[in-house]
file data-v5.txt (compact mmCIF, C-alpha atoms and all ligand atoms)
# COMPACT_ATOMS: atom_id res chain seq x y z
CA MET A 300 -21.01 -7.94 16.67
CA PRO A 301 -19.50 -8.76 20.08
CA LYS A 302 -17.81 -5.94 22.00
CA ARG A 303 -14.69 -8.02 22.80
CA PRO A 304 -11.62 -7.52 20.57
CA LEU A 305 -11.83 -9.69 17.46
CA LYS A 306 -9.07 -11.15 15.32
CA LYS A 307 -8.19 -9.65 11.95
CA GLN A 308 -9.67 -12.51 9.95
CA THR A 309 -13.07 -11.88 11.52
CA LEU A 310 -12.80 -8.10 11.14
CA ALA A 311 -11.91 -8.47 7.45
CA VAL A 312 -15.25 -10.22 6.91
CA HIS A 313 -17.60 -8.33 9.24
CA GLY A 314 -15.93 -5.08 10.33
CA GLY A 315 -17.83 -1.88 9.58
CA THR A 316 -20.88 -3.55 8.02
CA LEU A 317 -23.93 -1.23 7.85
CA ARG A 318 -27.20 -3.00 7.01
CA SER A 319 -30.20 -1.31 5.46
CA GLN A 320 -33.80 -2.00 6.54
CA PHE A 321 -33.77 -5.02 4.19
CA GLY A 322 -31.12 -6.89 6.17
CA GLU A 323 -29.07 -7.83 3.11
CA THR A 324 -26.27 -10.39 3.68
CA SER A 325 -23.75 -8.83 1.34
CA GLU A 326 -22.89 -5.15 1.70
CA ALA A 327 -25.19 -2.85 -0.32
CA ILE A 328 -23.84 -0.62 -3.08
CA TYR A 329 -25.17 2.91 -2.55
CA LEU A 330 -24.61 4.16 -6.07
CA THR A 331 -25.85 7.68 -5.41
CA GLN A 332 -24.29 11.10 -5.73
CA GLY A 333 -26.41 12.74 -3.07
CA PHE A 334 -28.89 12.26 -0.22
CA VAL A 335 -32.30 13.83 0.37
CA TYR A 336 -33.37 15.66 3.51
CA SER A 337 -36.81 15.63 5.10
CA SER A 338 -36.74 19.41 5.65
CA PRO A 339 -34.52 22.46 5.08
CA GLU A 340 -33.92 22.45 8.82
CA GLN A 341 -32.46 18.94 8.58
CA ALA A 342 -30.25 19.96 5.63
CA GLU A 343 -29.02 23.01 7.55
CA GLU A 344 -28.21 20.89 10.59
CA ARG A 345 -26.35 18.31 8.58
CA PHE A 346 -24.19 20.96 6.92
CA ILE A 347 -23.32 22.34 10.37
CA GLU A 348 -22.30 18.90 11.57
CA ALA A 349 -23.00 15.56 9.94
CA GLY A 350 -23.34 12.82 12.55
CA GLU A 351 -22.03 9.28 12.30
CA ASN A 352 -23.69 7.65 9.26
CA GLU A 353 -25.26 10.90 8.03
CA PHE A 354 -24.28 11.81 4.50
CA ILE A 355 -24.37 14.94 2.35
CA TYR A 356 -22.70 14.20 -0.96
CA SER A 357 -20.64 11.22 -2.15
CA ARG A 358 -17.51 13.28 -2.65
CA TYR A 359 -17.66 13.81 1.16
CA GLY A 360 -18.80 10.35 2.16
CA ASN A 361 -21.12 7.49 1.23
CA PRO A 362 -22.50 4.48 3.15
CA THR A 363 -20.67 1.86 1.03
CA VAL A 364 -17.47 3.86 1.22
CA ARG A 365 -17.95 4.28 4.99
CA MET A 366 -18.15 0.50 5.44
CA PHE A 367 -14.81 0.12 3.64
CA GLU A 368 -13.28 2.91 5.75
CA ASN A 369 -14.50 1.46 9.04
CA ARG A 370 -13.34 -2.04 8.11
CA MET A 371 -9.86 -0.80 7.22
CA ALA A 372 -9.55 1.28 10.41
CA LEU A 373 -10.44 -1.82 12.47
CA LEU A 374 -7.95 -3.98 10.56
CA GLU A 375 -5.14 -1.47 11.01
CA GLY A 376 -5.98 -0.89 14.68
CA LEU A 377 -6.25 2.88 14.16
CA GLU A 378 -9.25 5.08 14.86
CA ASP A 379 -10.57 6.14 11.47
CA ALA A 380 -9.99 6.03 7.71
CA PHE A 381 -10.86 7.92 4.53
CA ALA A 382 -11.05 6.10 1.18
CA THR A 383 -9.65 7.66 -1.99
CA ALA A 384 -9.94 7.16 -5.74
CA SER A 385 -6.51 5.54 -5.99
CA GLY A 386 -3.46 4.87 -3.87
CA MET A 387 -1.84 8.00 -5.26
CA ALA A 388 -4.83 10.18 -4.31
CA GLY A 389 -4.24 8.86 -0.80
CA VAL A 390 -0.48 9.53 -0.77
CA ASN A 391 -1.01 12.98 -2.28
CA GLY A 392 -3.71 13.80 0.28
CA ALA A 393 -1.67 12.54 3.22
CA LEU A 394 1.27 14.72 2.15
CA PHE A 395 -0.62 17.90 1.20
CA SER A 396 -2.91 17.81 4.23
CA ASN A 397 0.16 17.85 6.49
CA LEU A 398 2.72 20.05 4.72
CA SER A 399 3.00 23.80 4.16
CA ALA A 400 5.60 26.00 2.51
CA GLY A 401 8.73 26.10 4.65
CA ASP A 402 8.24 22.60 6.11
CA THR A 403 10.78 19.82 5.80
CA ILE A 404 10.02 16.21 4.93
CA VAL A 405 12.53 13.38 5.29
CA SER A 406 11.85 10.29 3.21
CA SER A 407 13.38 6.95 2.42
CA ARG A 408 14.82 6.98 -1.10
CA ALA A 409 13.49 3.63 -2.30
CA LEU A 410 9.96 4.62 -3.31
CA PHE A 411 7.29 3.77 -5.85
CA GLY A 412 7.77 5.97 -8.97
CA SER A 413 4.71 8.19 -8.46
CA CYS A 414 5.49 8.80 -4.76
CA LEU A 415 8.99 9.82 -5.82
CA TYR A 416 7.47 12.19 -8.42
CA ILE A 417 5.43 14.05 -5.77
CA LEU A 418 8.43 14.33 -3.44
CA GLU A 419 11.00 15.30 -6.06
CA ASN A 420 8.95 17.34 -8.56
CA VAL A 421 5.82 18.66 -6.86
CA LEU A 422 6.46 19.42 -3.18
CA PRO A 423 9.59 21.55 -3.85
CA ARG A 424 7.48 23.81 -6.13
CA PHE A 425 5.36 24.64 -3.08
CA GLY A 426 8.35 25.49 -0.90
CA VAL A 427 8.60 22.17 0.93
CA LYS A 428 12.15 21.03 1.61
CA VAL A 429 12.57 17.34 0.75
CA GLU A 430 15.46 15.24 2.05
CA PHE A 431 16.15 11.61 1.16
CA VAL A 432 17.92 8.93 3.19
CA ASP A 433 18.78 5.30 2.68
CA GLY A 434 15.79 3.97 4.61
CA THR A 435 17.65 0.84 5.75
CA ASP A 436 20.37 2.90 7.46
CA ASN A 437 19.20 4.07 10.89
CA ALA A 438 22.27 6.33 11.23
CA GLN A 439 21.11 8.33 8.19
CA TRP A 440 17.65 8.78 9.69
CA GLU A 441 19.31 9.97 12.89
CA SER A 442 21.48 12.48 11.04
CA LYS A 443 18.64 13.99 8.96
CA VAL A 444 15.64 14.02 11.31
CA ASN A 445 15.65 16.99 13.68
CA PRO A 446 13.10 19.33 15.33
CA ASP A 447 12.59 21.08 11.96
CA THR A 448 11.30 17.84 10.42
CA LYS A 449 7.54 18.03 9.98
CA VAL A 450 6.87 14.72 8.23
CA ILE A 451 8.70 11.42 7.73
CA PHE A 452 7.62 9.38 4.73
CA VAL A 453 8.47 5.72 4.22
CA GLU A 454 7.47 2.80 2.11
CA THR A 455 7.50 0.07 4.79
CA VAL A 456 8.74 -2.57 2.33
CA SER A 457 9.99 -0.88 -0.81
CA ASN A 458 8.84 -1.54 -4.33
CA PRO A 459 10.60 -3.23 -6.15
CA THR A 460 13.79 -3.68 -4.09
CA LEU A 461 12.04 -5.04 -0.97
CA GLU A 462 14.01 -3.01 1.55
CA VAL A 463 12.47 -3.14 5.01
CA ILE A 464 12.12 -0.04 7.19
CA ASP A 465 12.77 -0.39 10.91
CA LEU A 466 9.50 1.41 11.61
CA GLU A 467 9.73 1.29 15.41
CA PHE A 468 13.11 3.01 15.25
CA VAL A 469 11.84 5.65 12.82
CA TYR A 470 8.75 6.21 14.97
CA ASN A 471 10.77 6.74 18.16
CA LEU A 472 13.03 9.19 16.35
CA ALA A 473 9.96 10.99 14.98
CA LYS A 474 8.39 11.32 18.43
CA LYS A 475 11.60 12.78 19.87
CA ASN A 476 11.48 15.43 17.17
CA ASP A 477 7.73 15.97 17.08
CA ALA A 478 7.41 14.71 13.50
CA ILE A 479 4.54 12.80 11.87
CA VAL A 480 5.22 9.38 10.30
CA ILE A 481 3.35 8.56 7.08
CA ALA A 482 3.81 4.94 5.97
CA ASP A 483 2.90 3.62 2.54
CA ASN A 484 2.22 -0.03 3.38
CA ALA A 485 0.96 -1.14 -0.05
CA LEU A 486 3.66 -3.62 -0.95
CA ALA A 487 3.78 -5.33 2.44
CA SER A 488 -0.08 -5.40 2.65
CA PRO A 489 -2.19 -4.99 5.81
CA GLN A 490 -1.84 -8.73 6.35
CA PHE A 491 1.92 -8.94 6.91
CA PHE A 492 3.16 -5.59 8.20
CA LYS A 493 1.32 -3.93 11.10
CA ALA A 494 2.29 -0.37 10.23
CA GLY A 495 -0.32 1.15 12.58
CA LYS A 496 0.80 -0.97 15.55
CA LEU A 497 4.51 -0.35 14.86
CA GLY A 498 4.07 3.39 15.09
CA ALA A 499 2.97 4.97 11.80
CA ASP A 500 0.72 7.94 12.61
CA ILE A 501 -0.83 7.69 9.16
CA VAL A 502 -0.96 4.51 7.07
CA VAL A 503 -1.70 4.68 3.33
CA TYR A 504 -2.64 1.81 1.04
CA SER A 505 -3.10 1.44 -2.65
CA ALA A 506 -6.19 -0.75 -2.31
CA THR A 507 -5.67 -1.50 -6.00
CA LYS A 508 -3.14 -4.12 -4.91
CA HIS A 509 -3.84 -6.79 -2.27
CA ILE A 510 -7.10 -5.31 -0.98
CA ASP A 511 -8.90 -5.69 -4.30
CA GLY A 512 -6.66 -8.67 -4.96
CA GLN A 513 -8.19 -9.52 -8.30
CA GLY A 514 -6.99 -6.66 -10.46
CA ARG A 515 -10.39 -5.01 -11.00
CA SER A 516 -10.41 -1.45 -9.78
CA LEU A 517 -8.34 1.40 -8.42
CA GLY A 518 -8.70 2.57 -4.84
CA GLY A 519 -6.79 3.91 -1.89
CA ILE A 520 -7.22 4.44 1.83
CA VAL A 521 -5.65 6.70 4.45
CA ILE A 522 -5.87 5.57 8.08
CA GLY A 523 -5.06 7.50 11.25
CA THR A 524 -6.54 9.17 14.33
CA LYS A 525 -10.16 10.31 14.22
CA ASP A 526 -9.01 13.91 14.70
CA TYR A 527 -6.72 13.84 11.68
CA ILE A 528 -8.93 11.79 9.35
CA ARG A 529 -12.21 13.63 10.03
CA GLY A 530 -10.41 16.98 10.37
CA GLN A 531 -7.39 17.85 8.24
CA PHE A 532 -7.58 14.92 5.85
CA GLU A 533 -11.31 14.96 5.15
CA SER A 534 -11.27 18.73 4.60
CA TYR A 535 -8.47 18.40 2.06
CA LEU A 536 -9.82 15.36 0.21
CA LYS A 537 -13.48 16.26 0.02
CA HIS A 538 -12.69 19.66 -1.47
CA THR A 539 -10.01 18.45 -3.89
CA GLY A 540 -12.06 15.64 -5.39
CA GLY A 541 -10.15 12.41 -4.81
CA ALA A 542 -13.23 10.46 -3.66
CA ILE A 543 -13.56 6.75 -4.43
CA SER A 544 -16.61 5.51 -6.34
CA PRO A 545 -19.06 3.57 -4.11
CA PHE A 546 -18.88 0.72 -6.60
CA ASN A 547 -15.09 0.50 -6.26
CA ALA A 548 -15.38 0.71 -2.45
CA TRP A 549 -17.74 -2.26 -2.64
CA ILE A 550 -15.18 -4.23 -4.67
CA MET A 551 -12.62 -3.46 -1.95
CA LEU A 552 -15.03 -4.64 0.78
CA LYS A 553 -15.51 -7.92 -1.07
CA GLY A 554 -11.75 -8.17 -1.57
CA LEU A 555 -11.15 -7.77 2.16
CA GLU A 556 -13.34 -10.78 2.92
CA THR A 557 -10.77 -13.04 1.27
CA LEU A 558 -7.63 -11.02 2.10
CA THR A 559 -6.36 -13.41 4.78
CA VAL A 560 -6.65 -16.65 2.84
CA ARG A 561 -5.44 -15.13 -0.41
CA THR A 562 -2.36 -13.37 0.90
CA ASN A 563 -1.32 -16.21 3.24
CA TYR A 564 -1.43 -18.65 0.33
CA GLN A 565 0.40 -16.22 -1.95
CA ALA A 566 3.11 -15.56 0.63
CA ASP A 567 3.61 -19.28 1.33
CA SER A 568 3.96 -19.84 -2.43
CA ALA A 569 6.33 -16.88 -2.75
CA LEU A 570 8.64 -18.22 -0.02
CA LYS A 571 8.65 -21.71 -1.49
CA ILE A 572 9.33 -20.50 -5.04
CA ALA A 573 11.96 -17.92 -4.02
CA SER A 574 13.82 -20.59 -1.97
CA GLU A 575 13.77 -23.03 -4.88
CA LEU A 576 15.00 -20.46 -7.40
CA GLU A 577 17.84 -19.23 -5.21
CA GLY A 578 21.15 -20.57 -6.45
CA LEU A 579 20.05 -21.26 -10.05
CA SER A 580 22.69 -20.21 -12.55
CA ASN A 581 21.82 -17.05 -14.55
CA LEU A 582 20.64 -15.41 -11.32
CA SER A 583 22.95 -13.23 -9.25
CA LYS A 584 20.36 -13.00 -6.50
CA VAL A 585 16.84 -13.69 -5.35
CA VAL A 586 15.42 -10.99 -3.07
CA TYR A 587 12.67 -11.91 -0.62
CA PRO A 588 12.34 -10.55 2.94
CA HIS A 589 11.96 -14.00 4.54
CA LEU A 590 14.92 -15.60 2.76
CA PRO A 591 17.95 -15.82 5.11
CA SER A 592 20.02 -14.21 2.33
CA HIS A 593 18.00 -10.96 2.57
CA PRO A 594 20.26 -8.27 4.10
CA GLN A 595 17.55 -7.46 6.65
CA TYR A 596 16.33 -10.99 7.25
CA ASN A 597 16.22 -10.67 11.06
CA LEU A 598 14.34 -7.36 10.97
CA ALA A 599 11.94 -8.73 8.33
CA ARG A 600 11.25 -11.78 10.52
CA GLU A 601 10.63 -9.51 13.49
CA LEU A 602 8.31 -7.05 11.72
CA MET A 603 6.56 -9.20 9.12
CA SER A 604 4.43 -12.24 9.95
CA ARG A 605 5.19 -13.62 6.47
CA GLY A 606 7.56 -12.35 3.78
CA GLY A 607 4.86 -10.95 1.48
CA THR A 608 3.62 -11.88 -1.97
CA VAL A 609 6.41 -10.33 -4.05
CA PHE A 610 10.02 -11.34 -4.72
CA ALA A 611 12.67 -9.99 -7.07
CA LEU A 612 15.16 -11.79 -9.29
CA ASP A 613 18.41 -10.26 -10.49
CA PHE A 614 19.70 -11.70 -13.76
CA GLU A 615 23.43 -11.71 -14.42
CA GLY A 616 22.73 -11.06 -18.11
CA GLY A 617 21.02 -7.69 -17.47
CA LYS A 618 18.15 -6.50 -19.65
CA GLU A 619 18.70 -9.05 -22.38
CA ALA A 620 18.49 -12.01 -20.01
CA SER A 621 15.49 -10.48 -18.17
CA PHE A 622 13.56 -9.99 -21.39
CA LYS A 623 14.41 -13.52 -22.60
CA PHE A 624 13.15 -14.86 -19.27
CA MET A 625 9.93 -12.84 -19.45
CA ASN A 626 9.28 -13.92 -23.03
CA LYS A 627 9.58 -17.58 -22.02
CA LEU A 628 6.96 -17.41 -19.27
CA GLU A 629 3.65 -19.09 -20.07
CA ILE A 630 1.62 -18.76 -16.88
CA VAL A 631 3.08 -15.63 -15.27
CA LYS A 632 1.84 -12.56 -17.14
CA ILE A 633 3.81 -9.42 -17.97
CA SER A 634 2.15 -6.49 -16.18
CA ASN A 635 3.16 -3.71 -13.80
CA ASN A 636 0.67 -4.45 -11.01
CA PHE A 637 1.09 -6.72 -7.97
CA GLY A 638 -1.11 -8.34 -5.34
CA ASP A 639 -3.33 -9.82 -8.07
CA ALA A 640 -4.77 -13.35 -8.18
CA LYS A 641 -2.78 -13.75 -11.39
CA SER A 642 1.00 -13.99 -11.07
CA LEU A 643 2.63 -10.97 -12.71
CA VAL A 644 6.15 -10.08 -13.73
CA THR A 645 7.63 -6.60 -14.24
CA HIS A 646 10.95 -5.25 -15.45
CA PRO A 647 11.15 -2.02 -13.36
CA ALA A 648 14.13 -0.43 -15.16
CA THR A 649 12.19 -0.19 -18.44
CA THR A 650 8.68 0.42 -17.02
CA THR A 651 7.80 1.71 -13.52
CA HIS A 652 11.25 3.27 -12.99
CA GLN A 653 12.07 4.13 -16.63
CA ARG A 654 11.74 7.87 -15.87
CA LEU A 655 14.74 7.78 -13.52
CA SER A 656 18.31 8.31 -14.67
CA GLU A 657 20.65 5.34 -14.72
CA GLU A 658 22.45 6.80 -11.74
CA GLN A 659 19.22 7.18 -9.73
CA ARG A 660 18.26 3.61 -10.57
CA SER A 661 21.59 2.21 -9.53
CA ARG A 662 21.39 4.14 -6.25
CA LEU A 663 18.04 2.44 -5.65
CA GLY A 664 19.41 -0.99 -6.53
CA ILE A 665 17.26 -1.26 -9.67
CA SER A 666 19.67 -2.93 -12.06
CA ASP A 667 18.90 -3.76 -15.70
CA GLY A 668 18.68 -7.39 -14.63
CA LEU A 669 16.10 -6.85 -11.88
CA VAL A 670 12.70 -8.46 -12.38
CA ARG A 671 9.84 -8.24 -9.90
CA VAL A 672 7.51 -11.20 -9.52
CA SER A 673 4.12 -10.92 -7.82
CA VAL A 674 2.90 -14.37 -6.82
CA GLY A 675 -0.77 -15.06 -7.47
CA LEU A 676 -3.22 -17.76 -6.54
CA GLU A 677 -2.21 -20.38 -9.09
CA ASN A 678 -0.86 -23.75 -7.97
CA THR A 679 2.61 -23.30 -6.47
CA GLU A 680 4.16 -26.20 -8.43
CA ASP A 681 2.80 -24.89 -11.72
CA LEU A 682 4.29 -21.46 -11.03
CA LEU A 683 7.62 -22.89 -9.95
CA GLU A 684 7.86 -24.95 -13.13
CA ASP A 685 6.97 -21.94 -15.30
CA LEU A 686 9.60 -19.73 -13.66
CA GLU A 687 12.30 -22.40 -13.39
CA THR A 688 11.91 -23.47 -17.02
CA ALA A 689 12.12 -19.88 -18.20
CA ILE A 690 15.24 -19.20 -16.11
CA LYS A 691 17.00 -22.36 -17.33
CA THR A 692 16.27 -21.76 -21.00
CA ILE A 693 17.74 -18.25 -21.20
C1 LIG A 701 0.73 1.03 -6.56
C2 LIG A 701 1.33 1.80 -5.49
C3 LIG A 701 0.89 3.12 -5.23
C4 LIG A 701 -0.15 3.80 -6.07
O1 LIG A 701 -1.39 3.19 -6.02
P1 LIG A 701 -2.49 3.40 -7.16
O2 LIG A 701 -3.69 2.71 -6.60
O3 LIG A 701 -1.96 2.77 -8.40
O4 LIG A 701 -2.67 4.87 -7.31
C5 LIG A 701 1.50 3.80 -4.19
N1 LIG A 701 2.47 3.25 -3.44
C6 LIG A 701 2.90 1.99 -3.66
C7 LIG A 701 3.97 1.43 -2.81
C8 LIG A 701 2.35 1.24 -4.70
O5 LIG A 701 2.80 0.00 -4.92
call {"tool": "encode", "arguments": {"input": "data-v5.txt", "output": "structure tokens", "more": "lines below"}}
Ligand SMILES: *Cc1c(COP(=O)(O)O)cnc(C)c1O
result
Amino acid sequence: MPKRPLKKQTLAVHGGTLRSQFGETSEAIYLTQGFVYSSPEQAEERFIEAGENEFIYSRYGNPTVRMFENRMALLEGLEDAFATASGMAGVNGALFSNLSAGDTIVSSRALFGSCLYILENVLPRFGVKVEFVDGTDNAQWESKVNPDTKVIFVETVSNPTLEVIDLEFVYNLAKKNDAIVIADNALASPQFFKAGKLGADIVVYSATKHIDGQGRSLGGIVIGTKDYIRGQFESYLKHTGGAISPFNAWIMLKGLETLTVRTNYQADSALKIASELEGLSNLSKVVYPHLPSHPQYNLARELMSRGGTVFALDFEGGKEASFKFMNKLEIVKISNNFGDAKSLVTHPATTTHQRLSEEQRSRLGISDGLVRVSVGLENTEDLLEDLETAIKTI
């Protein structure tokens, strides 16, 4: 590959490729637990320090997994990456590798259910002080972040309410207070929100979503400086067992090859459909970062190259209307995932955020009428007709 800087689309196809002596076109799957050594001396040396592309055991690292890690680091514009068994293994690792008893973490409140579980129910048991802010309100960040803050955690674009974090602002505040910014960029995707460039020290993805892109396997990835990833993070992850299977890493590599075309098409469809649905009766609002009606439209236009693949609908008739709508859909499937080739619809209040109290949900803006739609690769007109018909026939 040329030494000059390459565009993301090219990196998503070629970045990090390691070829065996056979010169295979497609990336090889190294489905092996371990690696053999030519001598005990070589084994001893490798355990002292494994060089680039030298492997010991697949819980520590594996050639197929390494290709996925290197490709993701290049795409994010950060130095290194470590792949994990799921997005949550990545979030958990990023938090636990950075925090100790007595530390304080400040986080945006609008989070994915499992992230919220770690922050609310797990970290406090280990003596970590957890504080929440409304992530869209820079004044709240300013009032909570201080020199005692060790880590700031954000979901760059929140699931399912699609709130956008002013990451540059949060980063500058973090640097003034010597805090580390961890950004979960899963909903926005690596295609539309440049979390690494905008100042996240550590970027985490659920690769299960747009990176796989076809709903096949779980995976996650944590991206940051070489020092952090190969030091603190690798030590934590390789000893606690959250390694990704080489087969799943291969699926993610293949997914990355089509990431650009898939997500651009999905986002263009999402904008078109969201714009068309806005204003239909039965709906109190349509939430999409690149609709002018989004409360953070200007920020979303500034930080996101497109508005993403997900929008939310809020039905005036609450749960009853939402369920009627979902039952009428013929193409869009009911499921709790997003970023899939198939369009999917979720009712967060009764599924992903069911665990929360009504009061917690209302604080997060998750009403009983809120429905999240992940736009897939189907024809835009077909999807629009499916959604519009279902909305009109409630
Ligand atoms: C899905 C998701 C996760 C968890 O990822 P898994 O691969 O399901 O473990 C974490 N954060 C966000 C924002 C997500 O959407």
call {"tool": "axis_aligned_box", "arguments": {"input": "data-v5.txt", "around": "ligand LIG 701 (chain A)", "padding_each_side": "4 Å", "output": "lines of an AutoDock Vina configuration file"}}
result
center_x = 0.1
center_y = 2.4
center_z = -5.6
size_x = 15.7
size_y = 12.9
size_z = 13.6
call {"tool": "residues_near_ligand", "arguments": {"input": "data-v5.txt", "ligand": "ligand LIG 701 (chain A)", "cutoff": "8 Å", "atoms": "all atoms listed in the file", "output": "number ranges by chain"}}
result
A: 384-390, 410-411, 413-414, 454, 457-458, 483-486, 504-508, 517-519, 636-637
call {"tool": "write_last_selection", "arguments": {"input": "data-v5.txt", "atoms": "C-alpha atoms", "output": "PDB file, in the coordinates of the input"}}
result
ATOM      1  CA  ALA A 384      -9.940   7.160  -5.740  1.00  0.00           C
ATOM      2  CA  SER A 385      -6.510   5.540  -5.990  1.00  0.00           C
ATOM      3  CA  GLY A 386      -3.460   4.870  -3.870  1.00  0.00           C
ATOM      4  CA  MET A 387      -1.840   8.000  -5.260  1.00  0.00           C
ATOM      5  CA  ALA A 388      -4.830  10.180  -4.310  1.00  0.00           C
ATOM      6  CA  GLY A 389      -4.240   8.860  -0.800  1.00  0.00           C
ATOM      7  CA  VAL A 390      -0.480   9.530  -0.770  1.00  0.00           C
ATOM      8  CA  LEU A 410       9.960   4.620  -3.310  1.00  0.00           C
ATOM      9  CA  PHE A 411       7.290   3.770  -5.850  1.00  0.00           C
ATOM     10  CA  SER A 413       4.710   8.190  -8.460  1.00  0.00           C
ATOM     11  CA  CYS A 414       5.490   8.800  -4.760  1.00  0.00           C
ATOM     12  CA  GLU A 454       7.470   2.800   2.110  1.00  0.00           C
ATOM     13  CA  SER A 457       9.990  -0.880  -0.810  1.00  0.00           C
ATOM     14  CA  ASN A 458       8.840  -1.540  -4.330  1.00  0.00           C
ATOM     15  CA  ASP A 483       2.900   3.620   2.540  1.00  0.00           C
ATOM     16  CA  ASN A 484       2.220  -0.030   3.380  1.00  0.00           C
ATOM     17  CA  ALA A 485       0.960  -1.140  -0.050  1.00  0.00           C
ATOM     18  CA  LEU A 486       3.660  -3.620  -0.950  1.00  0.00           C
ATOM     19  CA  TYR A 504      -2.640   1.810   1.040  1.00  0.00           C
ATOM     20  CA  SER A 505      -3.100   1.440  -2.650  1.00  0.00           C
ATOM     21  CA  ALA A 506      -6.190  -0.750  -2.310  1.00  0.00           C
ATOM     22  CA  THR A 507      -5.670  -1.500  -6.000  1.00  0.00           C
ATOM     23  CA  LYS A 508      -3.140  -4.120  -4.910  1.00  0.00           C
ATOM     24  CA  LEU A 517      -8.340   1.400  -8.420  1.00  0.00           C
ATOM     25  CA  GLY A 518      -8.700   2.570  -4.840  1.00  0.00           C
ATOM     26  CA  GLY A 519      -6.790   3.910  -1.890  1.00  0.00           C
ATOM     27  CA  ASN A 636       0.670  -4.450 -11.010  1.00  0.00           C
ATOM     28  CA  PHE A 637       1.090  -6.720  -7.970  1.00  0.00           C
TER      29      PHE A 637
END
call {"tool": "atom_distance", "arguments": {"input": "data-v5.txt", "atom1": "atom CA of Ile630 of chain A", "atom2": "atom CA of Ala689 of chain A"}}
result
10.6 Å
call {"tool": "residues_around", "arguments": {"input": "data-v5.txt", "residues": "Phe367 of chain A", "least_positions_apart": "6", "cutoff": "8 Å", "atoms": "all atoms listed in the file", "output": "VMD selection string"}}
result
chain A and resid 315 382 548 to 549 551 to 552
call {"tool": "residues_around", "arguments": {"input": "data-v5.txt", "residues": "Pro594 of chain A", "least_positions_apart": "4", "cutoff": "10 Å", "atoms": "all atoms listed in the file", "output": "PyMOL selection string"}}
result
chain A and resi 435+462-463+586-588+590+598-599
call {"tool": "write_last_selection", "arguments": {"input": "data-v5.txt", "atoms": "C-alpha atoms", "output": "compact mmCIF listing (two decimals), in the frame of the given file"}}
result
# COMPACT_ATOMS: atom_id res chain seq x y z
CA THR A 435 17.65 0.84 5.75
CA GLU A 462 14.01 -3.01 1.55
CA VAL A 463 12.47 -3.14 5.01
CA VAL A 586 15.42 -10.99 -3.07
CA TYR A 587 12.67 -11.91 -0.62
CA PRO A 588 12.34 -10.55 2.94
CA LEU A 590 14.92 -15.60 2.76
CA LEU A 598 14.34 -7.36 10.97
CA ALA A 599 11.94 -8.73 8.33
call {"tool": "residues_around", "arguments": {"input": "data-v5.txt", "residues": "segment 521-538 of chain A", "least_positions_apart": "4", "cutoff": "7 Å", "atoms": "only C-alpha atoms", "output": "NGL selection string"}}
result
:A and (358-359 or 372 or 377-382 or 389 or 392-393 or 396 or 500-504 or 542)
call {"tool": "closest_residue", "arguments": {"input": "data-v5.txt", "among": "A:Arg561, A:Glu687, A:Phe546, A:His646", "to": "Glu575 of chain A", "atoms": "all atoms listed in the file"}}
result
A:Glu687
call {"tool": "closest_residue", "arguments": {"input": "data-v5.txt", "among": "A:Thr649, A:Thr455, A:Ser442, A:Ser634", "to": "Gly495 of chain A", "atoms": "all atoms listed in the file"}}
result
A:Thr455
call {"tool": "residues_around", "arguments": {"input": "data-v5.txt", "residues": "Asn471 of chain A", "least_positions_apart": "4", "cutoff": "12 Å", "atoms": "only C-alpha atoms", "output": "list in words"}}
result
Asn437, Trp440, Glu441, Val444, Ile451, Asp465, Leu466, Glu467, Lys475, Asn476, Asp477, Ala478, Ile479, Val480, Leu497, Gly498, Ala499 and Asp500 of chain A
call {"tool": "write_last_selection", "arguments": {"input": "data-v5.txt", "atoms": "C-alpha atoms", "output": "PDB file, in the frame of the given file"}}
result
ATOM      1  CA  ASN A 437      19.200   4.070  10.890  1.00  0.00           C
ATOM      2  CA  TRP A 440      17.650   8.780   9.690  1.00  0.00           C
ATOM      3  CA  GLU A 441      19.310   9.970  12.890  1.00  0.00           C
ATOM      4  CA  VAL A 444      15.640  14.020  11.310  1.00  0.00           C
ATOM      5  CA  ILE A 451       8.700  11.420   7.730  1.00  0.00           C
ATOM      6  CA  ASP A 465      12.770  -0.390  10.910  1.00  0.00           C
ATOM      7  CA  LEU A 466       9.500   1.410  11.610  1.00  0.00           C
ATOM      8  CA  GLU A 467       9.730   1.290  15.410  1.00  0.00           C
ATOM      9  CA  LYS A 475      11.600  12.780  19.870  1.00  0.00           C
ATOM     10  CA  ASN A 476      11.480  15.430  17.170  1.00  0.00           C
ATOM     11  CA  ASP A 477       7.730  15.970  17.080  1.00  0.00           C
ATOM     12  CA  ALA A 478       7.410  14.710  13.500  1.00  0.00           C
ATOM     13  CA  ILE A 479       4.540  12.800  11.870  1.00  0.00           C
ATOM     14  CA  VAL A 480       5.220   9.380  10.300  1.00  0.00           C
ATOM     15  CA  LEU A 497       4.510  -0.350  14.860  1.00  0.00           C
ATOM     16  CA  GLY A 498       4.070   3.390  15.090  1.00  0.00           C
ATOM     17  CA  ALA A 499       2.970   4.970  11.800  1.00  0.00           C
ATOM     18  CA  ASP A 500       0.720   7.940  12.610  1.00  0.00           C
TER      19      ASP A 500
END
call {"tool": "atom_distance", "arguments": {"input": "data-v5.txt", "atom1": "atom CA of Lys474 of chain A", "atom2": "atom CA of Ser407 of chain A"}}
result
17.3 Å
call {"tool": "atom_distance", "arguments": {"input": "data-v5.txt", "atom1": "atom CA of Val609 of chain A", "atom2": "atom CA of Ile481 of chain A"}}
result
22.1 Å
call {"tool": "closest_residue", "arguments": {"input": "data-v5.txt", "among": "A:Lys618, A:His589, A:Lys691, A:Lys623", "to": "Asp667 of chain A", "atoms": "all atoms listed in the file"}}
result
A:Lys618
